[in-house]
file my_file-v1.pdb (PDB, C-alpha atoms)
ATOM      1  CA  MET A   1     110.981 115.172 114.399  1.00  0.00           C
ATOM      2  CA  PRO A   2     111.409 113.833 110.821  1.00  0.00           C
ATOM      3  CA  ARG A   3     109.595 110.561 110.195  1.00  0.00           C
ATOM      4  CA  SER A   4     112.779 108.618 109.358  1.00  0.00           C
ATOM      5  CA  LEU A   5     114.477 109.823 112.565  1.00  0.00           C
ATOM      6  CA  PHE A   6     111.350 108.934 114.541  1.00  0.00           C
ATOM      7  CA  ALA A   7     111.329 105.467 112.963  1.00  0.00           C
ATOM      8  CA  ALA A   8     115.017 105.007 113.802  1.00  0.00           C
ATOM      9  CA  CYS A   9     114.306 105.958 117.422  1.00  0.00           C
ATOM     10  CA  LEU A  10     111.446 103.456 117.597  1.00  0.00           C
ATOM     11  CA  MET A  11     113.665 100.726 116.155  1.00  0.00           C
ATOM     12  CA  GLY A  12     116.385 101.589 118.652  1.00  0.00           C
ATOM     13  CA  LEU A  13     113.884 101.136 121.463  1.00  0.00           C
ATOM     14  CA  GLY A  14     112.697  97.851 119.982  1.00  0.00           C
ATOM     15  CA  LEU A  15     109.210  99.262 119.344  1.00  0.00           C
ATOM     16  CA  ALA A  16     109.200  98.870 115.578  1.00  0.00           C
ATOM     17  CA  THR A  17     110.617  96.446 113.072  1.00  0.00           C
ATOM     18  CA  PRO A  18     112.770  97.790 110.245  1.00  0.00           C
ATOM     19  CA  ALA A  19     110.258  96.607 107.624  1.00  0.00           C
ATOM     20  CA  ALA A  20     107.319  98.265 109.360  1.00  0.00           C
ATOM     21  CA  ALA A  21     109.191 101.533 109.956  1.00  0.00           C
ATOM     22  CA  ALA A  22     110.716 101.962 106.506  1.00  0.00           C
ATOM     23  CA  ASP A  23     109.246 104.663 104.281  1.00  0.00           C
ATOM     24  CA  PRO A  24     108.646 102.993 100.874  1.00  0.00           C
ATOM     25  CA  CYS A  25     110.180 105.988  99.076  1.00  0.00           C
ATOM     26  CA  ASP A  26     113.281 105.781 101.296  1.00  0.00           C
ATOM     27  CA  VAL A  27     113.594 102.105 100.414  1.00  0.00           C
ATOM     28  CA  LEU A  28     113.223 102.786  96.685  1.00  0.00           C
ATOM     29  CA  THR A  29     115.626 105.739  96.833  1.00  0.00           C
ATOM     30  CA  ALA A  30     118.244 103.560  98.537  1.00  0.00           C
ATOM     31  CA  LYS A  31     117.745 100.850  95.912  1.00  0.00           C
ATOM     32  CA  VAL A  32     118.216 103.365  93.071  1.00  0.00           C
ATOM     33  CA  ILE A  33     121.451 104.562  94.703  1.00  0.00           C
ATOM     34  CA  ARG A  34     122.715 101.002  95.243  1.00  0.00           C
ATOM     35  CA  VAL A  35     121.920  99.764  91.727  1.00  0.00           C
ATOM     36  CA  THR A  36     122.869 102.843  89.669  1.00  0.00           C
ATOM     37  CA  GLY A  37     125.759 104.219  91.704  1.00  0.00           C
ATOM     38  CA  ALA A  38     124.136 107.680  91.719  1.00  0.00           C
ATOM     39  CA  SER A  39     124.236 109.829  94.841  1.00  0.00           C
ATOM     40  CA  LEU A  40     121.289 111.564  96.453  1.00  0.00           C
ATOM     41  CA  ALA A  41     121.235 115.311  95.779  1.00  0.00           C
ATOM     42  CA  GLY A  42     117.997 115.921  97.674  1.00  0.00           C
ATOM     43  CA  ARG A  43     114.596 114.585  98.594  1.00  0.00           C
ATOM     44  CA  THR A  44     111.295 116.307  99.242  1.00  0.00           C
ATOM     45  CA  GLY A  45     108.236 114.193  99.953  1.00  0.00           C
ATOM     46  CA  ALA A  46     107.766 111.649  97.188  1.00  0.00           C
ATOM     47  CA  TYR A  47     110.429 113.185  94.941  1.00  0.00           C
ATOM     48  CA  ALA A  48     114.177 112.432  94.980  1.00  0.00           C
ATOM     49  CA  VAL A  49     116.898 113.973  92.820  1.00  0.00           C
ATOM     50  CA  PHE A  50     120.218 112.267  92.190  1.00  0.00           C
ATOM     51  CA  ARG A  51     123.669 113.169  90.944  1.00  0.00           C
ATOM     52  CA  ALA A  52     124.746 110.743  88.263  1.00  0.00           C
ATOM     53  CA  GLN A  53     127.905 110.921  86.211  1.00  0.00           C
ATOM     54  CA  ASP A  54     126.195 109.891  82.977  1.00  0.00           C
ATOM     55  CA  ALA A  55     123.062 112.090  83.082  1.00  0.00           C
ATOM     56  CA  GLU A  56     122.549 115.798  83.649  1.00  0.00           C
ATOM     57  CA  ARG A  57     119.343 115.071  85.509  1.00  0.00           C
ATOM     58  CA  MET A  58     118.060 111.950  87.241  1.00  0.00           C
ATOM     59  CA  SER A  59     114.979 111.979  89.417  1.00  0.00           C
ATOM     60  CA  LEU A  60     112.611 109.544  91.097  1.00  0.00           C
ATOM     61  CA  ASP A  61     108.937 110.232  91.664  1.00  0.00           C
ATOM     62  CA  CYS A  62     107.649 107.713  94.215  1.00  0.00           C
ATOM     63  CA  ARG A  63     103.960 108.456  93.624  1.00  0.00           C
ATOM     64  CA  ASN A  64     102.036 105.563  92.140  1.00  0.00           C
ATOM     65  CA  PRO A  65     103.163 104.511  89.633  1.00  0.00           C
ATOM     66  CA  ALA A  66     106.750 105.283  90.615  1.00  0.00           C
ATOM     67  CA  ARG A  67     108.895 106.599  87.757  1.00  0.00           C
ATOM     68  CA  ILE A  68     112.458 107.610  87.044  1.00  0.00           C
ATOM     69  CA  THR A  69     113.345 110.393  84.612  1.00  0.00           C
ATOM     70  CA  LEU A  70     116.836 110.672  83.145  1.00  0.00           C
ATOM     71  CA  ALA A  71     117.893 113.606  80.994  1.00  0.00           C
ATOM     72  CA  SER A  72     120.944 114.548  78.961  1.00  0.00           C
ATOM     73  CA  LEU A  73     121.948 117.848  77.404  1.00  0.00           C
ATOM     74  CA  ASP A  74     123.088 115.903  74.338  1.00  0.00           C
ATOM     75  CA  ARG A  75     120.809 114.997  71.455  1.00  0.00           C
ATOM     76  CA  GLU A  76     122.967 111.891  71.011  1.00  0.00           C
ATOM     77  CA  PRO A  77     124.329 110.997  74.471  1.00  0.00           C
ATOM     78  CA  ALA A  78     127.231 108.636  75.075  1.00  0.00           C
ATOM     79  CA  ARG A  79     126.485 104.930  75.495  1.00  0.00           C
ATOM     80  CA  ALA A  80     126.961 105.299  79.279  1.00  0.00           C
ATOM     81  CA  TYR A  81     123.710 107.317  79.454  1.00  0.00           C
ATOM     82  CA  PHE A  82     121.748 104.358  78.072  1.00  0.00           C
ATOM     83  CA  ALA A  83     123.533 101.968  80.442  1.00  0.00           C
ATOM     84  CA  LEU A  84     122.362 104.221  83.298  1.00  0.00           C
ATOM     85  CA  VAL A  85     118.788 104.053  81.955  1.00  0.00           C
ATOM     86  CA  GLY A  86     119.093 100.257  82.010  1.00  0.00           C
ATOM     87  CA  LEU A  87     120.327 100.284  85.605  1.00  0.00           C
ATOM     88  CA  ALA A  88     117.512 102.663  86.590  1.00  0.00           C
ATOM     89  CA  ALA A  89     115.009 100.226  85.063  1.00  0.00           C
ATOM     90  CA  ARG A  90     116.579  97.395  87.054  1.00  0.00           C
ATOM     91  CA  ALA A  91     116.317  99.417  90.284  1.00  0.00           C
ATOM     92  CA  LEU A  92     112.715 100.471  89.688  1.00  0.00           C
ATOM     93  CA  THR A  93     111.183  97.368  88.132  1.00  0.00           C
ATOM     94  CA  GLY A  94     113.685  94.524  88.421  1.00  0.00           C
ATOM     95  CA  ALA A  95     114.147  94.498  84.646  1.00  0.00           C
ATOM     96  CA  ASP A  96     117.209  93.028  82.997  1.00  0.00           C
ATOM     97  CA  ALA A  97     119.530  96.048  82.777  1.00  0.00           C
ATOM     98  CA  ALA A  98     121.040  95.006  79.421  1.00  0.00           C
ATOM     99  CA  GLU A  99     117.598  94.552  77.824  1.00  0.00           C
ATOM    100  CA  ALA A 100     116.426  97.907  79.188  1.00  0.00           C
ATOM    101  CA  GLU A 101     119.598  99.571  77.863  1.00  0.00           C
ATOM    102  CA  VAL A 102     118.930  98.181  74.380  1.00  0.00           C
ATOM    103  CA  LEU A 103     115.316  99.352  74.597  1.00  0.00           C
ATOM    104  CA  ALA A 104     116.451 102.865  75.554  1.00  0.00           C
ATOM    105  CA  LEU A 105     118.908 102.965  72.635  1.00  0.00           C
ATOM    106  CA  THR A 106     116.233 101.741  70.216  1.00  0.00           C
ATOM    107  CA  LEU A 107     113.602 104.210  71.430  1.00  0.00           C
ATOM    108  CA  HIS A 108     116.137 107.041  71.283  1.00  0.00           C
ATOM    109  CA  GLN A 109     117.108 106.220  67.683  1.00  0.00           C
ATOM    110  CA  ASP A 110     113.452 105.862  66.693  1.00  0.00           C
ATOM    111  CA  SER A 111     112.716 109.234  68.311  1.00  0.00           C
ATOM    112  CA  LEU A 112     115.550 110.854  66.363  1.00  0.00           C
ATOM    113  CA  LEU A 113     114.169 109.448  63.106  1.00  0.00           C
ATOM    114  CA  ALA A 114     110.528 110.297  63.830  1.00  0.00           C
ATOM    115  CA  ASP A 115     111.210 113.582  65.637  1.00  0.00           C
ATOM    116  CA  ALA A 116     108.644 112.439  68.212  1.00  0.00           C
ATOM    117  CA  PRO A 117     108.620 110.547  71.529  1.00  0.00           C
ATOM    118  CA  ARG A 118     108.726 106.765  71.277  1.00  0.00           C
ATOM    119  CA  ARG A 119     107.407 104.215  73.785  1.00  0.00           C
ATOM    120  CA  GLY A 120     108.179 100.576  74.338  1.00  0.00           C
ATOM    121  CA  GLY A 121     108.556  97.902  76.951  1.00  0.00           C
ATOM    122  CA  THR A 122     110.670  95.008  78.087  1.00  0.00           C
ATOM    123  CA  GLY A 123     109.607  92.585  80.799  1.00  0.00           C
ATOM    124  CA  PRO A 124     108.313  94.559  83.786  1.00  0.00           C
ATOM    125  CA  THR A 125     109.354  97.928  82.328  1.00  0.00           C
ATOM    126  CA  LEU A 126     107.680 100.532  80.155  1.00  0.00           C
ATOM    127  CA  MET A 127     109.827 103.344  78.792  1.00  0.00           C
ATOM    128  CA  GLN A 128     109.482 106.529  76.776  1.00  0.00           C
ATOM    129  CA  CYS A 129     112.427 108.314  75.197  1.00  0.00           C
ATOM    130  CA  GLU A 130     112.352 111.590  73.316  1.00  0.00           C
ATOM    131  CA  THR A 131     114.848 113.891  71.652  1.00  0.00           C
ATOM    132  CA  GLY A 132     114.880 117.494  70.613  1.00  0.00           C
ATOM    133  CA  PRO A 133     114.264 120.906  72.095  1.00  0.00           C
ATOM    134  CA  ARG A 134     111.799 121.077  74.990  1.00  0.00           C
ATOM    135  CA  THR A 135     109.652 123.829  76.420  1.00  0.00           C
ATOM    136  CA  ASP A 136     108.696 122.146  79.717  1.00  0.00           C
ATOM    137  CA  ALA A 137     110.539 121.836  83.048  1.00  0.00           C
ATOM    138  CA  LEU A 138     113.259 119.841  81.273  1.00  0.00           C
ATOM    139  CA  ALA A 139     114.020 122.638  78.773  1.00  0.00           C
ATOM    140  CA  GLY A 140     117.628 122.481  77.679  1.00  0.00           C
ATOM    141  CA  ASP A 141     117.746 118.686  77.911  1.00  0.00           C
ATOM    142  CA  LEU A 142     117.802 117.222  74.427  1.00  0.00           C
ATOM    143  CA  THR A 143     117.338 113.573  75.405  1.00  0.00           C
ATOM    144  CA  VAL A 144     114.872 112.428  78.068  1.00  0.00           C
ATOM    145  CA  CYS A 145     113.962 108.854  78.983  1.00  0.00           C
ATOM    146  CA  ARG A 146     111.289 107.933  81.527  1.00  0.00           C
ATOM    147  CA  VAL A 147     111.030 104.498  83.119  1.00  0.00           C
ATOM    148  CA  VAL A 148     107.848 103.174  84.764  1.00  0.00           C
ATOM    149  CA  PRO A 149     106.700  99.736  85.857  1.00  0.00           C
ATOM    150  CA  ALA A 150     104.489  97.857  83.421  1.00  0.00           C
ATOM    151  CA  LYS A 151     101.105  97.040  84.890  1.00  0.00           C
ATOM    152  CA  PRO A 152      98.688  94.438  83.634  1.00  0.00           C
ATOM    153  CA  VAL A 153      95.374  95.848  82.530  1.00  0.00           C
ATOM    154  CA  ILE A 154      92.757  94.024  84.588  1.00  0.00           C
ATOM    155  CA  GLY A 155      89.027  94.267  84.269  1.00  0.00           C
ATOM    156  CA  LEU A 156      88.862  96.380  81.115  1.00  0.00           C
ATOM    157  CA  SER A 157      86.237  95.410  78.635  1.00  0.00           C
ATOM    158  CA  HIS A 158      87.160  95.538  74.983  1.00  0.00           C
ATOM    159  CA  ARG A 159      83.554  95.473  73.817  1.00  0.00           C
ATOM    160  CA  ARG A 160      82.260  98.545  72.035  1.00  0.00           C
ATOM    161  CA  ARG A 161      79.034 100.177  73.004  1.00  0.00           C
ATOM    162  CA  ALA A 162      76.372 100.373  70.337  1.00  0.00           C
ATOM    163  CA  GLY A 163      75.331 103.722  69.019  1.00  0.00           C
TER     164      GLY A 163
END
call {"tool": "encode", "arguments": {"input": "my_file-v1.pdb", "output": "structure tokens"}}
result
Amino acid sequence: MPRSLFAACLMGLGLATPAAAADPCDVLTAKVIRVTGASLAGRTGAYAVFRAQDAERMSLDCRNPARITLASLDREPARAYFALVGLAARALTGADAAEAEVLALTLHQDSLLADAPRRGGTGPTLMQCETGPRTDALAGDLTVCRVVPAKPVIGLSHRRRAG
């Protein structure tokens, strides 16, 4: 019996609370759908793939740290693609969608100029956008933006070792 069906059965019997029974990836997947308007195309384990009108590819990897990848076949996608990146950032990290959209546009333009991936952040979000031909699993996609939560660096020493 699938875990989500098992959890639903337990809730129906009053043996589990919804919060305790919810799979964190299910919760995050539902939030991505609600915030972005995308529809679920499939889910396997910690990986979900969505159908989104403004991106050729949109996926969520729930492993820690969770991340969303959005890809377009266009080297210079329509503005709606960047709005979708902003909404994805809001769903994943709680970022301001408009600020994340501007960040995605800026990183994309900087990537076009530098012909290299560009990284940046806004609030709780870190993002990388890149343009150009690819040879990896996203081959054929000319624009790719990845969104991840920003994490504070705790306990790292900035002192150099002698020698």
call {"tool": "closest_residue", "arguments": {"input": "my_file-v1.pdb", "among": "A:Leu142, A:Ile68, A:Val35, A:Leu113", "to": "Asp96 in chain A", "atoms": "only C-alpha atoms"}}
result
A:Val35
call {"tool": "closest_residue", "arguments": {"input": "my_file-v1.pdb", "among": "A:Ala91, A:Pro149, A:Gly86, A:Pro77", "to": "Val32 in chain A", "atoms": "all atoms listed in the file"}}
result
A:Ala91
call {"tool": "resolve_selection", "arguments": {"input": "my_file-v1.pdb", "expression": "the PyMOL selection byres ((chain A and resi 57) around 9)", "output": "list of chain:residue names"}}
result
A:Val49, A:Phe50, A:Arg51, A:Ala52, A:Asp54, A:Ala55, A:Glu56, A:Met58, A:Ser59, A:Thr69, A:Leu70, A:Ala71, A:Ser72, A:Leu73, A:Leu138, A:Asp141
call {"tool": "resolve_selection", "arguments": {"input": "my_file-v1.pdb", "expression": "the PyMOL selection byres ((chain A and resi 45) around 12)", "output": "list in words"}}
result
Pro2, Arg3, Ser4, Asp23, Pro24, Cys25, Asp26, Thr29, Gly42, Arg43, Thr44, Ala46, Tyr47, Ala48, Val49, Leu60, Asp61, Cys62 and Arg63 of chain A
call {"tool": "write_last_selection", "arguments": {"input": "my_file-v1.pdb", "atoms": "C-alpha atoms", "output": "PDB file, in the frame of the given file"}}
result
ATOM      1  CA  PRO A   2     111.409 113.833 110.821  1.00  0.00           C
ATOM      2  CA  ARG A   3     109.595 110.561 110.195  1.00  0.00           C
ATOM      3  CA  SER A   4     112.779 108.618 109.358  1.00  0.00           C
ATOM      4  CA  ASP A  23     109.246 104.663 104.281  1.00  0.00           C
ATOM      5  CA  PRO A  24     108.646 102.993 100.874  1.00  0.00           C
ATOM      6  CA  CYS A  25     110.180 105.988  99.076  1.00  0.00           C
ATOM      7  CA  ASP A  26     113.281 105.781 101.296  1.00  0.00           C
ATOM      8  CA  THR A  29     115.626 105.739  96.833  1.00  0.00           C
ATOM      9  CA  GLY A  42     117.997 115.921  97.674  1.00  0.00           C
ATOM     10  CA  ARG A  43     114.596 114.585  98.594  1.00  0.00           C
ATOM     11  CA  THR A  44     111.295 116.307  99.242  1.00  0.00           C
ATOM     12  CA  ALA A  46     107.766 111.649  97.188  1.00  0.00           C
ATOM     13  CA  TYR A  47     110.429 113.185  94.941  1.00  0.00           C
ATOM     14  CA  ALA A  48     114.177 112.432  94.980  1.00  0.00           C
ATOM     15  CA  VAL A  49     116.898 113.973  92.820  1.00  0.00           C
ATOM     16  CA  LEU A  60     112.611 109.544  91.097  1.00  0.00           C
ATOM     17  CA  ASP A  61     108.937 110.232  91.664  1.00  0.00           C
ATOM     18  CA  CYS A  62     107.649 107.713  94.215  1.00  0.00           C
ATOM     19  CA  ARG A  63     103.960 108.456  93.624  1.00  0.00           C
TER      20      ARG A  63
END
call {"tool": "atom_distance", "arguments": {"input": "my_file-v1.pdb", "atom1": "CA of Glu101 in chain A", "atom2": "CA of Ala83 in chain A"}}
result
5.3 Å
call {"tool": "atom_distance", "arguments": {"input": "my_file-v1.pdb", "atom1": "CA of Val148 in chain A", "atom2": "CA of Asn64 in chain A"}}
result
9.7 Å
call {"tool": "resolve_selection", "arguments": {"input": "my_file-v1.pdb", "expression": "the PyMOL selection byres ((chain A and resi 119-129) around 7)", "output": "ChimeraX atom specification"}}
result
/A:89,93,95,99-100,104,107-108,111,117-118,130,144-150
call {"tool": "write_last_selection", "arguments": {"input": "my_file-v1.pdb", "atoms": "C-alpha atoms", "output": "compact mmCIF listing (two decimals), in the frame of the given file"}}
result
# COMPACT_ATOMS: atom_id res chain seq x y z
CA ALA A 89 115.01 100.23 85.06
CA THR A 93 111.18 97.37 88.13
CA ALA A 95 114.15 94.50 84.65
CA GLU A 99 117.60 94.55 77.82
CA ALA A 100 116.43 97.91 79.19
CA ALA A 104 116.45 102.86 75.55
CA LEU A 107 113.60 104.21 71.43
CA HIS A 108 116.14 107.04 71.28
CA SER A 111 112.72 109.23 68.31
CA PRO A 117 108.62 110.55 71.53
CA ARG A 118 108.73 106.76 71.28
CA GLU A 130 112.35 111.59 73.32
CA VAL A 144 114.87 112.43 78.07
CA CYS A 145 113.96 108.85 78.98
CA ARG A 146 111.29 107.93 81.53
CA VAL A 147 111.03 104.50 83.12
CA VAL A 148 107.85 103.17 84.76
CA PRO A 149 106.70 99.74 85.86
CA ALA A 150 104.49 97.86 83.42
call {"tool": "atom_distance", "arguments": {"input": "my_file-v1.pdb", "atom1": "CA of Phe82 in chain A", "atom2": "CA of Lys151 in chain A"}}
result
22.9 Å
call {"tool": "closest_residue", "arguments": {"input": "my_file-v1.pdb", "among": "A:Val85, A:Gly132, A:Ala116, A:Arg67", "to": "Leu103 in chain A", "atoms": "all atoms listed in the file"}}
result
A:Val85
call {"tool": "closest_residue", "arguments": {"input": "my_file-v1.pdb", "among": "A:Gln109, A:Thr143, A:Leu28, A:Thr36", "to": "Leu87 in chain A", "atoms": "all atoms listed in the file"}}
result
A:Thr36
call {"tool": "closest_residue", "arguments": {"input": "my_file-v1.pdb", "among": "A:Asp74, A:Pro133, A:Gln53, A:Arg90", "to": "Gly37 in chain A", "atoms": "all atoms listed in the file"}}
result
A:Gln53
call {"tool": "closest_residue", "arguments": {"input": "my_file-v1.pdb", "among": "A:Pro65, A:Ile33, A:Ala114, A:Thr131", "to": "Leu84 in chain A", "atoms": "only C-alpha atoms"}}
result
A:Ile33
